[in-house]
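What follows is model05.pdb (PDB, C-alpha atoms).
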ATOM      1  CA  MET S 103       0.000   0.000   0.000
ATOM      2  CA  ALA S 104       2.861   2.361   0.772
ATOM      3  CA  ARG S 105       4.366   1.784  -2.681
ATOM      4  CA  LEU S 106       1.010   2.677  -4.190
ATOM      5  CA  LYS S 107       1.014   5.865  -2.075
ATOM      6  CA  MET S 108      -2.044   4.641  -0.173
ATOM      7  CA  ASN S 109      -2.586   5.478   3.487
ATOM      8  CA  ASN S 110      -2.312   2.277   5.511
ATOM      9  CA  ILE S 111      -2.207   3.768   8.997
ATOM     10  CA  TYR S 112      -5.780   2.668   9.701
ATOM     11  CA  ILE S 113      -4.437  -0.905   9.987
ATOM     12  CA  SER S 114      -2.683   0.166  13.194
ATOM     13  CA  HIS S 115      -6.088   0.453  14.896
ATOM     14  CA  VAL S 116      -6.752  -3.236  14.257
ATOM     15  CA  TYR S 117      -3.262  -4.056  15.558
ATOM     16  CA  PHE S 118      -3.614  -2.083  18.797
ATOM     17  CA  ILE S 119      -7.089  -3.370  19.586
ATOM     18  CA  TYR S 120      -6.175  -6.993  18.778
ATOM     19  CA  GLN S 121      -2.968  -6.736  20.825
ATOM     20  CA  PHE S 122      -4.892  -5.231  23.717
ATOM     21  CA  LEU S 123      -7.634  -7.860  23.706
ATOM     22  CA  SER S 124      -5.299 -10.826  23.348
ATOM     23  CA  LEU S 125      -2.867  -9.643  26.048
ATOM     24  CA  SER S 126      -5.738  -8.691  28.359
ATOM     25  CA  TYR S 127      -7.049 -12.229  28.015
ATOM     26  CA  PHE S 128      -3.526 -13.570  28.645
ATOM     27  CA  TYR S 129      -3.264 -11.566  31.884
ATOM     28  CA  PHE S 130      -6.814 -12.489  32.883
ATOM     29  CA  LEU S 131      -5.805 -16.162  32.698
ATOM     30  CA  LEU S 132      -2.631 -15.505  34.702
ATOM     31  CA  MET S 133      -4.376 -13.765  37.576
ATOM     32  CA  LYS S 134      -5.241 -16.093  40.447
ATOM     33  CA  ASP S 135      -7.059 -13.629  42.689
ATOM     34  CA  GLN S 136     -10.676 -12.823  41.792
ATOM     35  CA  MET S 137     -10.131  -9.144  42.566
ATOM     36  CA  GLN S 138      -7.251  -8.994  40.092
ATOM     37  CA  LYS S 139      -9.358 -10.758  37.476
ATOM     38  CA  ARG S 140     -12.001  -8.083  38.036
ATOM     39  CA  ILE S 141      -9.349  -5.367  37.623
ATOM     40  CA  VAL S 142      -8.412  -6.846  34.232
ATOM     41  CA  LEU S 143     -12.067  -7.095  33.181
ATOM     42  CA  ILE S 144     -12.903  -3.578  34.353
ATOM     43  CA  GLY S 145      -9.747  -2.172  32.737
ATOM     44  CA  THR S 146     -10.589  -3.917  29.474
ATOM     45  CA  GLY S 147     -14.116  -2.528  29.631
ATOM     46  CA  ILE S 148     -12.863   1.006  30.306
ATOM     47  CA  VAL S 149     -10.494   0.874  27.367
ATOM     48  CA  LEU S 150     -13.042  -0.546  24.941
ATOM     49  CA  LEU S 151     -15.776   1.852  26.063
ATOM     50  CA  SER S 152     -13.395   4.815  25.778
ATOM     51  CA  LEU S 153     -12.369   3.808  22.262
ATOM     52  CA  ILE S 154     -15.975   3.232  21.185
ATOM     53  CA  ILE S 155     -16.924   6.688  22.439
ATOM     54  CA  GLN S 156     -13.903   8.322  20.812
ATOM     55  CA  TYR S 157     -14.468   6.651  17.442
ATOM     56  CA  SER S 158     -18.188   7.414  17.487
ATOM     57  CA  LEU S 159     -17.498  11.106  18.170
ATOM     58  CA  ASN S 160     -14.681  11.656  15.658
ATOM     59  CA  PHE S 161     -14.297   8.626  13.383
ATOM     60  CA  ASN S 162     -13.238  10.483  10.225
ATOM     61  CA  GLY S 163     -10.792  12.674  12.131
ATOM     62  CA  ILE S 164      -8.793   9.845  13.693
ATOM     63  CA  PHE S 165      -9.195   6.819  11.441
ATOM     64  CA  TYR S 166      -6.477   7.741   8.924
ATOM     65  CA  GLN S 167      -3.847   8.836  11.421
ATOM     66  CA  PHE S 168      -2.214   7.376  14.494
ATOM     67  CA  ASN S 169      -4.721   7.556  17.303
ATOM     68  CA  LEU S 170      -2.533   8.805  20.131
ATOM     69  CA  PHE S 171      -5.242   8.200  22.717
ATOM     70  CA  GLU S 172      -5.656   4.607  21.534
ATOM     71  CA  VAL S 173      -1.909   3.985  21.732
ATOM     72  CA  PHE S 174      -1.701   5.467  25.210
ATOM     73  CA  ILE S 175      -4.739   3.849  26.805
ATOM     74  CA  THR S 176      -4.180   0.332  25.443
ATOM     75  CA  SER S 177      -0.489   0.358  26.346
ATOM     76  CA  PHE S 178      -1.078   1.926  29.755
ATOM     77  CA  PHE S 179      -3.551  -0.741  30.838
ATOM     78  CA  LEU S 180      -1.426  -3.595  29.476
ATOM     79  CA  ILE S 181       1.600  -2.256  31.353
ATOM     80  CA  LEU S 182      -0.595  -1.978  34.454
ATOM     81  CA  PHE S 183      -1.632  -5.641  34.068
ATOM     82  CA  ALA S 184       2.021  -6.650  33.571
ATOM     83  CA  VAL S 185       3.097  -4.777  36.704
ATOM     84  CA  LEU S 186       0.270  -6.462  38.606
ATOM     85  CA  HIS S 187       1.609  -9.808  37.425
ATOM     86  CA  TYR S 188       5.110  -8.829  38.627
ATOM     87  CA  TYR S 189       3.539  -8.106  42.006
ATOM     88  CA  ASN S 190       2.039 -11.602  42.010
ATOM     89  CA  MET S 191       5.417 -13.119  41.190
ATOM     90  CA  LEU S 192       6.878 -11.680  44.403
ATOM     91  CA  SER S 193       4.976 -14.209  46.480
ATOM     92  CA  HIS S 194       4.155 -16.913  43.940
ATOM     93  CA  GLN S 195       5.895 -18.963  41.295
ATOM     94  CA  LYS S 196       7.749 -16.950  38.655
ATOM     95  CA  GLN S 197       5.356 -17.764  35.821
ATOM     96  CA  VAL S 198       6.026 -16.327  32.323
ATOM     97  CA  MET S 199       8.548 -13.830  33.666
ATOM     98  CA  TYR S 200      10.358 -13.352  30.340
ATOM     99  CA  ILE S 201       7.135 -12.809  28.431
ATOM    100  CA  ASN S 202       5.998 -10.305  31.039
ATOM    101  CA  THR S 203       9.324  -8.473  30.810
ATOM    102  CA  GLY S 204       9.048  -8.456  27.022
ATOM    103  CA  VAL S 205       5.556  -6.992  27.193
ATOM    104  CA  ILE S 206       6.704  -4.166  29.443
ATOM    105  CA  VAL S 207       9.865  -3.371  27.460
ATOM    106  CA  TYR S 208       8.143  -3.579  24.087
ATOM    107  CA  LEU S 209       5.012  -1.650  25.047
ATOM    108  CA  MET S 210       6.835   1.133  26.844
ATOM    109  CA  SER S 211       9.319   1.746  24.043
ATOM    110  CA  SER S 212       7.066   1.174  21.046
ATOM    111  CA  SER S 213       4.339   3.311  22.611
ATOM    112  CA  LEU S 214       6.719   6.239  22.651
ATOM    113  CA  LEU S 215       7.467   5.636  18.982
ATOM    114  CA  PHE S 216       3.807   5.323  18.039
ATOM    115  CA  ILE S 217       2.799   8.345  20.106
ATOM    116  CA  GLY S 218       5.326  10.314  18.080
ATOM    117  CA  GLY S 219       3.957   8.667  14.924
ATOM    118  CA  ASN S 220       2.017  11.654  13.673
ATOM    119  CA  LEU S 221       5.129  13.820  13.962
ATOM    120  CA  VAL S 222       7.331  11.170  12.351
ATOM    121  CA  ILE S 223       5.133  10.973   9.267
ATOM    122  CA  SER S 224       5.855  14.596   8.423
ATOM    123  CA  SER S 225       9.608  14.380   9.122
ATOM    124  CA  SER S 226      12.356  13.256   6.786
ATOM    125  CA  THR S 227      12.290   9.743   5.395
ATOM    126  CA  GLU S 228      15.712   9.016   6.901
ATOM    127  CA  ILE S 229      14.480   9.737  10.449
ATOM    128  CA  THR S 230      11.309   7.771   9.811
ATOM    129  CA  LYS S 231      13.312   4.792   8.552
ATOM    130  CA  TRP S 232      15.531   4.727  11.650
ATOM    131  CA  ILE S 233      12.619   5.020  14.047
ATOM    132  CA  TRP S 234      10.900   2.011  12.480
ATOM    133  CA  ILE S 235      14.170   0.058  12.464
ATOM    134  CA  ILE S 236      14.446   0.734  16.204
ATOM    135  CA  ASN S 237      10.844  -0.408  16.660
ATOM    136  CA  ALA S 238      11.579  -3.605  14.720
ATOM    137  CA  ALA S 239      14.657  -4.257  16.899
ATOM    138  CA  ILE S 240      12.605  -3.816  20.066
ATOM    139  CA  TYR S 241       9.989  -6.173  18.665
ATOM    140  CA  LEU S 242      12.737  -8.702  17.939
ATOM    141  CA  ILE S 243      13.886  -8.478  21.570
ATOM    142  CA  TYR S 244      10.280  -9.076  22.622
ATOM    143  CA  GLN S 245      10.087 -12.169  20.402
ATOM    144  CA  LEU S 246      13.427 -13.438  21.752
ATOM    145  CA  LEU S 247      12.127 -13.151  25.310
ATOM    146  CA  ILE S 248       9.059 -15.163  24.326
ATOM    147  CA  PHE S 249      11.363 -17.773  22.762
ATOM    148  CA  VAL S 250      13.502 -17.968  25.929
ATOM    149  CA  GLU S 251      10.352 -18.481  27.989
ATOM    150  CA  TRP S 252       9.191 -21.206  25.635
ATOM    151  CA  LYS S 253      12.581 -22.972  25.759
ATOM    152  CA  GLN S 254      12.557 -22.907  29.563
ATOM    153  CA  THR S 255       8.965 -24.068  29.822
ATOM    154  CA  TYR S 256       9.216 -26.827  27.228
ATOM    155  CA  PRO S 257      12.770 -28.218  27.173
ATOM    156  CA  ALA S 258      13.691 -30.354  24.149
ATOM    157  CA  LYS S 259      13.712 -33.591  26.160
ATOM    158  CA  ASN S 260      10.034 -33.120  27.094
ATOM    159  CA  LEU S 261       8.955 -32.682  23.482
ATOM    160  CA  ARG S 262      10.179 -36.078  22.288
TER     161      ARG S 262
END
I need this file expressed as C-alpha cells, please.
Amino acid sequence: MARLKMNNIYISHVYFIYQFLSLSYFYFLLMKDQMQKRIVLIGTGIVLLSLIIQYSLNFNGIFYQFNLFEVFITSFFLILFAVLHYYNMLSHQKQVMYINTGVIVYLMSSSLLFIGGNLVISSSTEITKWIWIINAAIYLIYQLLIFVEWKQTYPAKNLR
C-alpha cells in the first residue's frame, strides 16, 4: 500500500485493539485472585468503552492517522496488568517472567514511537526509517524473550 502511495495507517487500529484484547485475556488467565481478574475485566471494559466513544465522536478525524489516545490507553492498561503480574510473582511462582518483561519493554518503548507517529510521518524519510528500524529491533527483543520463555517451559527432552 505504501508503494502505491495509499494510506495504511488505519491498519494500526486493528493491531492495537487486537494486541490489547489478546494480552488482556492472557493476563486475565494468569491472575489467580478474583479481585485482580475483576481489575483486568474492568480495565478492558474502560479501554473498549473509551475507544468506542472516541471513534463514534470523531471517526473520520482519527481513522487515517495514528490515534494517540488509543496507543496510550491500550499500552497503559497492558503495562498496568504486567506490573500487577510482577507483584504476584513476588509471592508466587515466577510464571512467564520473560514474556511479562518483554511486554513491558516492548510496550513502553514502542508506545513512545507510536505516540510520536504523527510527527514522524511529516519528518524526513531518513528519520522515519531509523525510528521504524528501532521499533523492529525492540519487537525482535520481545520475540526473543518469548522464545527464551518457551525454551525454559518446554525443554527439548520433554517434546520427544
Selection as a VMD selection string: residues within 7 Å of (8.3, -2.8, 21.6), counting only C-alpha atoms: chain S and resid 207 to 212 237 240 to 241 244
Neighbour list for range 152-155 of chain S as a list of chain:residue names, cut-off 9 Å, all atoms listed in the file, skip fewer than 5 positions in-chain: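 In the requested form, the answer reads S:Gly147, S:Asn160, S:Phe171, S:Glu172, S:Ile175.
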Residue contacts of Ile233 in chain S (10 Å, all atoms listed in the file) excluding same-chain residues fewer than 2 positions away, as a list in words: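 Final neighbour list, sorted by chain and number: Ser212, Leu215, Phe216, Gly218, Gly219, Val222, Thr227, Glu228, Ile229, Thr230, Lys231, Ile235, Ile236, Asn237, Ala238 and Ala239 of chain S.
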For range 103-116 of chain S: contacts at 9 Å, all atoms listed in the file, fewer than 6 positions along chain excluded, given as a PyMOL selection string: chain S and resi 164-169+172-173
Next, dump the selected residues to file, keeping only C-alpha atoms, as an mmCIF file, keeping the file's coordinate frame.
data_model
loop_
_atom_site.group_PDB
_atom_site.id
_atom_site.type_symbol
_atom_site.label_atom_id
_atom_site.label_comp_id
_atom_site.auth_asym_id
_atom_site.auth_seq_id
_atom_site.Cartn_x
_atom_site.Cartn_y
_atom_site.Cartn_z
ATOM 1 C CA ILE S 164 -8.793 9.845 13.693
ATOM 2 C CA PHE S 165 -9.195 6.819 11.441
ATOM 3 C CA TYR S 166 -6.477 7.741 8.924
ATOM 4 C CA GLN S 167 -3.847 8.836 11.421
ATOM 5 C CA PHE S 168 -2.214 7.376 14.494
ATOM 6 C CA ASN S 169 -4.721 7.556 17.303
ATOM 7 C CA GLU S 172 -5.656 4.607 21.534
ATOM 8 C CA VAL S 173 -1.909 3.985 21.732
#
Selection dump of the PyMOL selection byres ((chain S and resi 203) around 12), as a PyMOL selection string: chain S and resi 180-181+183-185+187-188+196-202+204-210+243-248+250-251
Among the residues S:Ser126, S:Leu170, S:Tyr256, S:Ser213, the one that comes closest to Ile144 in chain S [using only C-alpha atoms]: S:Ser126
Centre and edge lengths, as JSON, for the axis-aligned box enclosing every listed atom of range 134-143 of chain S with 5 Å of padding on each of the six sides, in Å to one decimal?
{"center_x": -8.7, "center_y": -10.7, "center_z": 37.9, "size_x": 16.8, "size_y": 20.7, "size_z": 19.5}
Residue list as a ChimeraX atom specification for point (-10.9, -5.4, 31.9), cut-off 10 Å, only C-alpha atoms: /S:123,126-127,129-130,138-150,179-180,183
Output of the above residues as an mmCIF file, in the frame of the given file, restricted to C-alpha atoms:
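Output file part34.cif is given in full below:
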data_model
loop_
_atom_site.group_PDB
_atom_site.id
_atom_site.type_symbol
_atom_site.label_atom_id
_atom_site.label_comp_id
_atom_site.auth_asym_id
_atom_site.auth_seq_id
_atom_site.Cartn_x
_atom_site.Cartn_y
_atom_site.Cartn_z
ATOM 1 C CA LEU S 123 -7.634 -7.860 23.706
ATOM 2 C CA SER S 126 -5.738 -8.691 28.359
ATOM 3 C CA TYR S 127 -7.049 -12.229 28.015
ATOM 4 C CA TYR S 129 -3.264 -11.566 31.884
ATOM 5 C CA PHE S 130 -6.814 -12.489 32.883
ATOM 6 C CA GLN S 138 -7.251 -8.994 40.092
ATOM 7 C CA LYS S 139 -9.358 -10.758 37.476
ATOM 8 C CA ARG S 140 -12.001 -8.083 38.036
ATOM 9 C CA ILE S 141 -9.349 -5.367 37.623
ATOM 10 C CA VAL S 142 -8.412 -6.846 34.232
ATOM 11 C CA LEU S 143 -12.067 -7.095 33.181
ATOM 12 C CA ILE S 144 -12.903 -3.578 34.353
ATOM 13 C CA GLY S 145 -9.747 -2.172 32.737
ATOM 14 C CA THR S 146 -10.589 -3.917 29.474
ATOM 15 C CA GLY S 147 -14.116 -2.528 29.631
ATOM 16 C CA ILE S 148 -12.863 1.006 30.306
ATOM 17 C CA VAL S 149 -10.494 0.874 27.367
ATOM 18 C CA LEU S 150 -13.042 -0.546 24.941
ATOM 19 C CA PHE S 179 -3.551 -0.741 30.838
ATOM 20 C CA LEU S 180 -1.426 -3.595 29.476
ATOM 21 C CA PHE S 183 -1.632 -5.641 34.068
#
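Between CA of Tyr120 in chain S and CA of Ser177 in chain S the interatomic distance comes to 12.0 Å.
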Atomic distance CA of Gln121 in chain S - CA of Leu182 in chain S, expressed in Å with one decimal: 14.6 Å
Emit range 230-249 of chain S of the structure in the block as a file comprising C-alpha atoms, as a short mmCIF file (atom, residue, chain, number, x, y, z; two decimals), in the first residue's frame.
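Result written to result.cif:
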data_model
loop_
_atom_site.label_atom_id
_atom_site.label_comp_id
_atom_site.auth_asym_id
_atom_site.auth_seq_id
_atom_site.Cartn_x
_atom_site.Cartn_y
_atom_site.Cartn_z
CA THR S 230 11.31 7.77 9.81
CA LYS S 231 13.31 4.79 8.55
CA TRP S 232 15.53 4.73 11.65
CA ILE S 233 12.62 5.02 14.05
CA TRP S 234 10.90 2.01 12.48
CA ILE S 235 14.17 0.06 12.46
CA ILE S 236 14.45 0.73 16.20
CA ASN S 237 10.84 -0.41 16.66
CA ALA S 238 11.58 -3.60 14.72
CA ALA S 239 14.66 -4.26 16.90
CA ILE S 240 12.60 -3.82 20.07
CA TYR S 241 9.99 -6.17 18.67
CA LEU S 242 12.74 -8.70 17.94
CA ILE S 243 13.89 -8.48 21.57
CA TYR S 244 10.28 -9.08 22.62
CA GLN S 245 10.09 -12.17 20.40
CA LEU S 246 13.43 -13.44 21.75
CA LEU S 247 12.13 -13.15 25.31
CA ILE S 248 9.06 -15.16 24.33
CA PHE S 249 11.36 -17.77 22.76
#
